>>> print(open('model_29.tsv').read())   # TSV, C-alpha atoms
chain	number	residue	atom	x	y	z
A	1250	MET	CA	0.00	0.00	0.00
A	1251	PRO	CA	1.47	3.43	-0.95
A	1252	ASP	CA	2.33	5.97	1.71
A	1253	PRO	CA	-0.44	8.50	2.50
A	1254	ILE	CA	0.01	11.94	1.03
A	1255	TYR	CA	-0.44	13.38	4.55
A	1256	ALA	CA	0.30	11.84	7.93
A	1257	LEU	CA	-0.28	13.84	11.11
A	1258	ARG	CA	1.21	12.59	14.37
A	1259	GLY	CA	0.44	14.26	17.69
A	1260	VAL	CA	-0.43	17.57	16.04
A	1261	GLN	CA	-1.59	20.32	18.39
A	1262	LYS	CA	-2.32	23.98	17.81
A	1263	SER	CA	-3.37	26.64	20.31
A	1264	PHE	CA	-4.50	30.24	19.96
A	1265	GLY	CA	-4.57	32.61	22.90
A	1266	GLY	CA	-3.77	29.76	25.27
A	1267	ARG	CA	-6.72	27.67	24.03
A	1268	LEU	CA	-6.10	24.30	22.40
A	1269	VAL	CA	-8.08	24.33	19.15
A	1270	LEU	CA	-6.58	21.29	17.41
A	1271	ASP	CA	-5.44	18.01	18.93
A	1272	VAL	CA	-4.97	15.29	16.33
A	1273	ALA	CA	-3.26	12.20	17.67
A	1274	GLU	CA	-3.09	10.50	14.28
A	1275	LEU	CA	-4.57	11.16	10.86
A	1276	GLU	CA	-3.63	9.81	7.46
A	1277	LEU	CA	-5.04	11.04	4.18
A	1278	GLU	CA	-4.61	9.05	0.99
A	1279	ALA	CA	-3.46	10.51	-2.31
A	1280	THR	CA	-6.01	11.06	-5.11
A	1281	GLN	CA	-8.84	10.54	-2.64
A	1282	PHE	CA	-11.75	12.95	-2.08
A	1283	THR	CA	-12.02	13.57	1.67
A	1284	ALA	CA	-14.69	15.69	3.31
A	1285	VAL	CA	-14.06	17.13	6.78
A	1286	GLN	CA	-17.18	17.92	8.78
A	1287	GLY	CA	-18.11	19.00	12.28
A	1288	PRO	CA	-19.69	21.87	14.22
A	1289	ASN	CA	-18.31	25.40	14.29
A	1290	GLY	CA	-15.19	25.56	16.44
A	1291	ALA	CA	-14.30	21.92	15.78
A	1292	GLY	CA	-10.86	22.86	14.42
A	1293	LYS	CA	-11.62	22.20	10.75
A	1294	THR	CA	-10.24	25.45	9.37
A	1295	THR	CA	-7.12	25.20	11.52
A	1296	LEU	CA	-6.55	21.68	10.21
A	1297	LEU	CA	-6.99	22.94	6.65
A	1298	SER	CA	-4.43	25.72	7.21
A	1299	ILE	CA	-1.92	23.17	8.48
A	1300	LEU	CA	-2.57	20.89	5.51
A	1301	ALA	CA	-2.09	23.92	3.23
A	1302	LEU	CA	1.38	24.32	4.82
A	1303	LEU	CA	0.46	27.87	5.81
A	1304	LEU	CA	0.37	27.18	9.55
A	1305	SER	CA	2.83	25.19	11.63
A	1306	PRO	CA	1.64	23.11	14.59
A	1307	ASP	CA	2.85	23.89	18.09
A	1308	GLN	CA	3.50	20.21	18.70
A	1309	GLY	CA	3.73	17.09	16.58
A	1310	ARG	CA	4.73	16.19	13.05
A	1311	VAL	CA	3.15	16.87	9.69
A	1312	ILE	CA	4.45	14.45	7.07
A	1313	TYR	CA	3.75	15.27	3.44
A	1314	ARG	CA	4.59	12.74	0.73
A	1315	GLY	CA	6.76	10.77	3.10
A	1316	SER	CA	8.85	13.63	4.51
A	1317	ARG	CA	8.37	15.86	7.52
A	1318	VAL	CA	7.29	19.36	6.54
A	1319	PRO	CA	9.96	21.96	7.40
A	1320	ARG	CA	8.95	25.11	9.23
A	1321	ALA	CA	10.70	27.51	6.85
A	1322	GLY	CA	13.07	27.77	3.93
A	1323	GLY	CA	13.16	27.06	0.22
A	1324	GLU	CA	11.95	23.49	0.59
A	1325	LEU	CA	8.76	24.68	2.29
A	1326	THR	CA	8.22	27.21	-0.51
A	1327	HIS	CA	8.58	24.43	-3.06
A	1328	LEU	CA	6.07	22.20	-1.24
A	1329	ARG	CA	3.55	25.03	-0.96
A	1330	ARG	CA	3.46	25.21	-4.75
A	1331	GLU	CA	1.98	21.71	-4.82
A	1332	VAL	CA	-0.91	22.61	-2.51
A	1333	THR	CA	-3.63	25.16	-3.26
A	1334	LEU	CA	-6.30	26.44	-0.87
A	1335	VAL	CA	-9.61	27.93	-2.00
A	1336	ALA	CA	-10.98	30.05	0.84
A	1337	GLN	CA	-14.65	30.38	1.72
A	1338	SER	CA	-14.74	34.06	0.76
A	1339	ALA	CA	-12.59	34.53	-2.31
A	1340	TYR	CA	-10.49	37.69	-2.63
A	1341	LEU	CA	-10.00	38.89	-6.19
A	1342	PHE	CA	-7.71	41.66	-7.35
A	1343	GLU	CA	-9.17	44.77	-9.00
A	1344	SER	CA	-8.35	43.53	-12.48
A	1345	SER	CA	-9.91	41.26	-15.07
A	1346	ALA	CA	-11.09	37.75	-14.37
A	1347	LEU	CA	-8.36	36.47	-16.70
A	1348	ALA	CA	-5.63	38.39	-14.86
A	1349	ASN	CA	-6.85	36.99	-11.55
A	1350	VAL	CA	-6.75	33.42	-12.82
A	1351	ALA	CA	-3.33	33.90	-14.44
A	1352	TYR	CA	-1.77	35.59	-11.40
A	1353	GLY	CA	-0.16	32.48	-9.95
A	1354	LEU	CA	1.29	31.49	-13.31
A	1355	LYS	CA	2.75	34.98	-13.73
A	1356	ALA	CA	4.30	34.77	-10.27
A	1357	ARG	CA	5.95	31.51	-11.33
A	1358	GLY	CA	7.47	33.10	-14.42
A	1359	MET	CA	5.29	31.58	-17.14
A	1360	GLU	CA	5.37	33.34	-20.50
A	1361	ARG	CA	2.43	35.68	-21.15
A	1362	ARG	CA	0.77	33.85	-24.05
A	1363	SER	CA	1.01	30.46	-22.33
A	1364	ARG	CA	-0.47	31.70	-19.09
A	1365	ALA	CA	-3.32	33.45	-20.94
A	1366	GLU	CA	-4.16	30.21	-22.76
A	1367	ARG	CA	-4.08	28.22	-19.53
A	1368	ALA	CA	-6.20	30.82	-17.74
A	1369	GLU	CA	-8.80	30.91	-20.52
A	1370	ALA	CA	-9.04	27.10	-20.43
A	1371	ALA	CA	-9.51	27.18	-16.65
A	1372	LEU	CA	-12.31	29.74	-16.94
A	1373	GLU	CA	-14.00	27.60	-19.57
A	1374	ARG	CA	-13.75	24.59	-17.26
A	1375	VAL	CA	-15.74	26.38	-14.57
A	1376	GLY	CA	-18.38	27.55	-17.04
A	1377	LEU	CA	-17.06	31.08	-17.52
A	1378	ALA	CA	-15.87	30.97	-21.12
A	1379	GLY	CA	-15.64	34.53	-22.43
A	1380	PHE	CA	-15.51	36.06	-18.95
A	1381	GLY	CA	-11.77	36.83	-19.17
A	1382	PRO	CA	-12.08	40.58	-19.89
A	1383	ARG	CA	-14.74	41.18	-17.24
A	1384	ARG	CA	-13.74	43.15	-14.19
A	1385	ALA	CA	-13.50	40.80	-11.23
A	1386	ARG	CA	-15.26	43.18	-8.85
A	1387	LYS	CA	-18.32	43.27	-11.17
A	1388	LEU	CA	-18.93	39.51	-10.92
A	1389	SER	CA	-21.70	37.91	-8.88
A	1390	GLY	CA	-20.87	35.94	-5.75
A	1391	GLY	CA	-21.12	32.61	-7.53
A	1392	GLU	CA	-19.03	33.84	-10.47
A	1393	THR	CA	-16.41	35.15	-8.04
A	1394	GLN	CA	-16.12	31.74	-6.39
A	1395	ARG	CA	-15.83	30.08	-9.79
A	1396	VAL	CA	-13.00	32.43	-10.73
A	1397	ALA	CA	-11.29	31.49	-7.46
A	1398	LEU	CA	-11.67	27.81	-8.34
A	1399	ALA	CA	-10.27	28.44	-11.82
A	1400	ARG	CA	-7.34	30.31	-10.24
A	1401	ALA	CA	-6.59	27.20	-8.18
A	1402	LEU	CA	-7.07	24.72	-11.03
A	1403	VAL	CA	-4.81	26.62	-13.42
A	1404	LEU	CA	-1.87	25.80	-11.14
A	1405	ARG	CA	-2.55	22.06	-11.56
A	1406	PRO	CA	-2.05	21.39	-7.84
A	1407	ARG	CA	-1.22	18.01	-6.42
A	1408	VAL	CA	-3.58	18.83	-3.51
A	1409	LEU	CA	-6.67	21.04	-3.64
A	1410	LEU	CA	-8.05	22.21	-0.29
A	1411	LEU	CA	-11.44	23.91	-0.04
A	1412	ASP	CA	-13.02	25.70	2.90
A	1413	GLU	CA	-16.83	25.59	2.70
A	1414	PRO	CA	-16.91	25.82	-1.11
A	1415	PHE	CA	-20.70	25.44	-1.33
A	1416	ALA	CA	-21.54	28.18	1.18
A	1417	ASN	CA	-23.78	30.82	-0.42
A	1418	LEU	CA	-23.40	29.42	-3.96
A	1419	ASP	CA	-26.27	29.77	-6.40
A	1420	PRO	CA	-27.56	26.44	-7.83
A	1421	GLU	CA	-25.74	26.89	-11.16
A	1422	SER	CA	-22.40	27.56	-9.50
A	1423	ALA	CA	-22.90	24.70	-7.02
A	1424	ALA	CA	-23.52	22.33	-9.94
A	1425	VAL	CA	-20.31	23.52	-11.62
A	1426	PHE	CA	-18.33	22.99	-8.43
A	1427	GLU	CA	-19.72	19.48	-8.04
A	1428	ARG	CA	-18.91	18.55	-11.63
A	1429	VAL	CA	-15.37	19.91	-11.53
A	1430	LEU	CA	-14.46	18.59	-8.08
A	1431	ALA	CA	-15.84	15.12	-8.80
A	1432	GLY	CA	-13.41	14.70	-11.69
A	1433	LEU	CA	-10.23	15.80	-9.96
A	1434	PRO	CA	-9.25	12.57	-8.13
A	1435	GLY	CA	-9.35	10.74	-11.45
A	1436	GLU	CA	-6.81	13.26	-12.74
A	1437	GLY	CA	-4.44	12.55	-9.86
A	1438	CYS	CA	-5.44	15.44	-7.60
A	1439	THR	CA	-6.09	14.90	-3.90
A	1440	VAL	CA	-9.15	16.87	-2.77
A	1441	ILE	CA	-9.82	17.76	0.88
A	1442	MET	CA	-12.99	19.75	1.52
A	1443	VAL	CA	-14.25	21.28	4.74
A	1444	SER	CA	-18.00	21.57	4.37
A	1445	HIS	CA	-21.29	21.68	6.22
A	1446	ALA	CA	-22.99	20.64	2.98
A	1447	ARG	CA	-23.83	17.05	3.85
A	1448	GLU	CA	-25.50	16.22	0.55
A	1449	GLN	CA	-22.48	17.28	-1.48
A	1450	ALA	CA	-20.14	15.49	0.91
A	1451	ARG	CA	-22.05	12.24	0.50
A	1452	ARG	CA	-22.09	12.56	-3.27
A	1453	LEU	CA	-18.49	13.62	-3.76
A	1454	ALA	CA	-16.34	12.23	-0.96
A	1455	SER	CA	-15.06	8.69	-0.67
A	1456	ARG	CA	-14.20	9.40	2.96
A	1457	VAL	CA	-15.74	11.66	5.61
A	1458	VAL	CA	-13.67	12.76	8.61
A	1459	VAL	CA	-15.70	14.15	11.52
A	1460	MET	CA	-14.18	16.57	14.01
A	1461	GLU	CA	-15.39	17.87	17.36
A	1462	GLY	CA	-13.58	20.02	19.90
A	1463	GLY	CA	-10.35	19.89	17.92
A	1464	LEU	CA	-10.38	16.08	17.83
A	1465	VAL	CA	-10.93	13.65	14.99
A	1466	VAL	CA	-13.85	11.60	16.33
A	1467	SER	CA	-14.56	9.42	13.30
A	1468	GLY	CA	-13.44	8.69	9.79
>>> encode(input="model_29.tsv", output="structure tokens")
Amino acid sequence: MPDPIYALRGVQKSFGGRLVLDVAELELEATQFTAVQGPNGAGKTTLLSILALLLSPDQGRVIYRGSRVPRAGGELTHLRREVTLVAQSAYLFESSALANVAYGLKARGMERRSRAERAEAALERVGLAGFGPRRARKLSGGETQRVALARALVLRPRVLLLDEPFANLDPESAAVFERVLAGLPGEGCTVIMVSHAREQARRLASRVVVMEGGLVVSG
């Protein structure tokens, strides 16, 4: 059996002296769709930030693809490029939809024509073909979230993390998210989704992890 893409061992995280995450052991398989559920304050978003390699635990080990995640340095920067997080409330720059989607490719030094082609294809994938020239701040809430998803997909991440992606989505945008996310594991992408949307979790996820009080209680 291959090694899990993530293995957490004795991971703890506190804020303001309060322990918000206490995961004794958790393994997440590669190319699997995992949903993480639980009440507010269960530690789901903190877990997601640690999996995104944006937050370091106070205690314990986070192992990614067989190696312990460093706390700083060039190696951590390299690993972060394999993992993309789509936040619940997407922030878009005051530019076009195309420029927003292409931003990460530009930051990585991709040539202008190539990144424009990739960005246009990503917009088409989320049902926004032809939206490239539109100003991002003029988009609806659902369109904004779809642009954020396209911005993540264009990077072709090894791991896609999503924080409540179905919150406040219109039915059309929710259907697009379901269609796109369902296909990602088959393309070799590991998907980990924090969501209160039980129906979508049942349809999409092959595994559901339940958290409560910072603990993994099932899954």
>>> residues_near_point(input="model_29.tsv", point="(-9.1, 40.3, -10.3)", cutoff="10 Å", atoms="only C-alpha atoms", output="list of chain:residue names")
A:Tyr1340, A:Leu1341, A:Phe1342, A:Glu1343, A:Ser1344, A:Ser1345, A:Ala1346, A:Leu1347, A:Ala1348, A:Asn1349, A:Val1350, A:Ala1351, A:Tyr1352, A:Gly1381, A:Arg1383, A:Arg1384, A:Ala1385, A:Arg1386, A:Lys1387, A:Leu1388, A:Thr1393, A:Val1396, A:Ala1397
>>> atom_distance(input="model_29.tsv", atom1="CA of Asp1412 in chain A", atom2="CA of Ser1363 in chain A")
29.3 Å
>>> residues_around(input="model_29.tsv", residues="Gly1437 in chain A", least_positions_apart="6", cutoff="9 Å", atoms="all atoms listed in the file", output="PyMOL selection string")
chain A and resi 1279-1281+1407-1408
>>> write_last_selection(input="model_29.tsv", atoms="C-alpha atoms", output="short mmCIF file (atom, residue, chain, number, x, y, z; two decimals), in the frame of the given file")
data_model
loop_
_atom_site.label_atom_id
_atom_site.label_comp_id
_atom_site.auth_asym_id
_atom_site.auth_seq_id
_atom_site.Cartn_x
_atom_site.Cartn_y
_atom_site.Cartn_z
CA ALA A 1279 -3.46 10.51 -2.31
CA THR A 1280 -6.01 11.06 -5.11
CA GLN A 1281 -8.84 10.54 -2.64
CA ARG A 1407 -1.22 18.01 -6.42
CA VAL A 1408 -3.58 18.83 -3.51
#
>>> axis_aligned_box(input="model_29.tsv", around="range 1407-1425 of chain A", padding_each_side="3 Å", output="JSON")
{"center_x": -14.4, "center_y": 24.4, "center_z": -4.4, "size_x": 32.3, "size_y": 18.8, "size_z": 20.5}
>>> atom_distance(input="model_29.tsv", atom1="CA of Ile1312 in chain A", atom2="CA of Tyr1255 in chain A")
5.6 Å
>>> closest_atom_pairs(input="model_29.tsv", of="range 1326-1384 of chain A", to="range 1440-1450 of chain A", cutoff="12 Å", atoms="only C-alpha atoms", output="Markdown table")
| residue | atom | partner | partner_atom | distance |
| --- | --- | --- | --- | --- |
| A:Val1332 | CA | A:Val1440 | CA | 10.0 |
| A:Thr1333 | CA | A:Val1440 | CA | 10.0 |
| A:Leu1334 | CA | A:Ile1441 | CA | 9.5 |
| A:Val1335 | CA | A:Met1442 | CA | 9.5 |
| A:Ala1336 | CA | A:Val1443 | CA | 10.1 |
| A:Gln1337 | CA | A:Val1443 | CA | 9.6 |
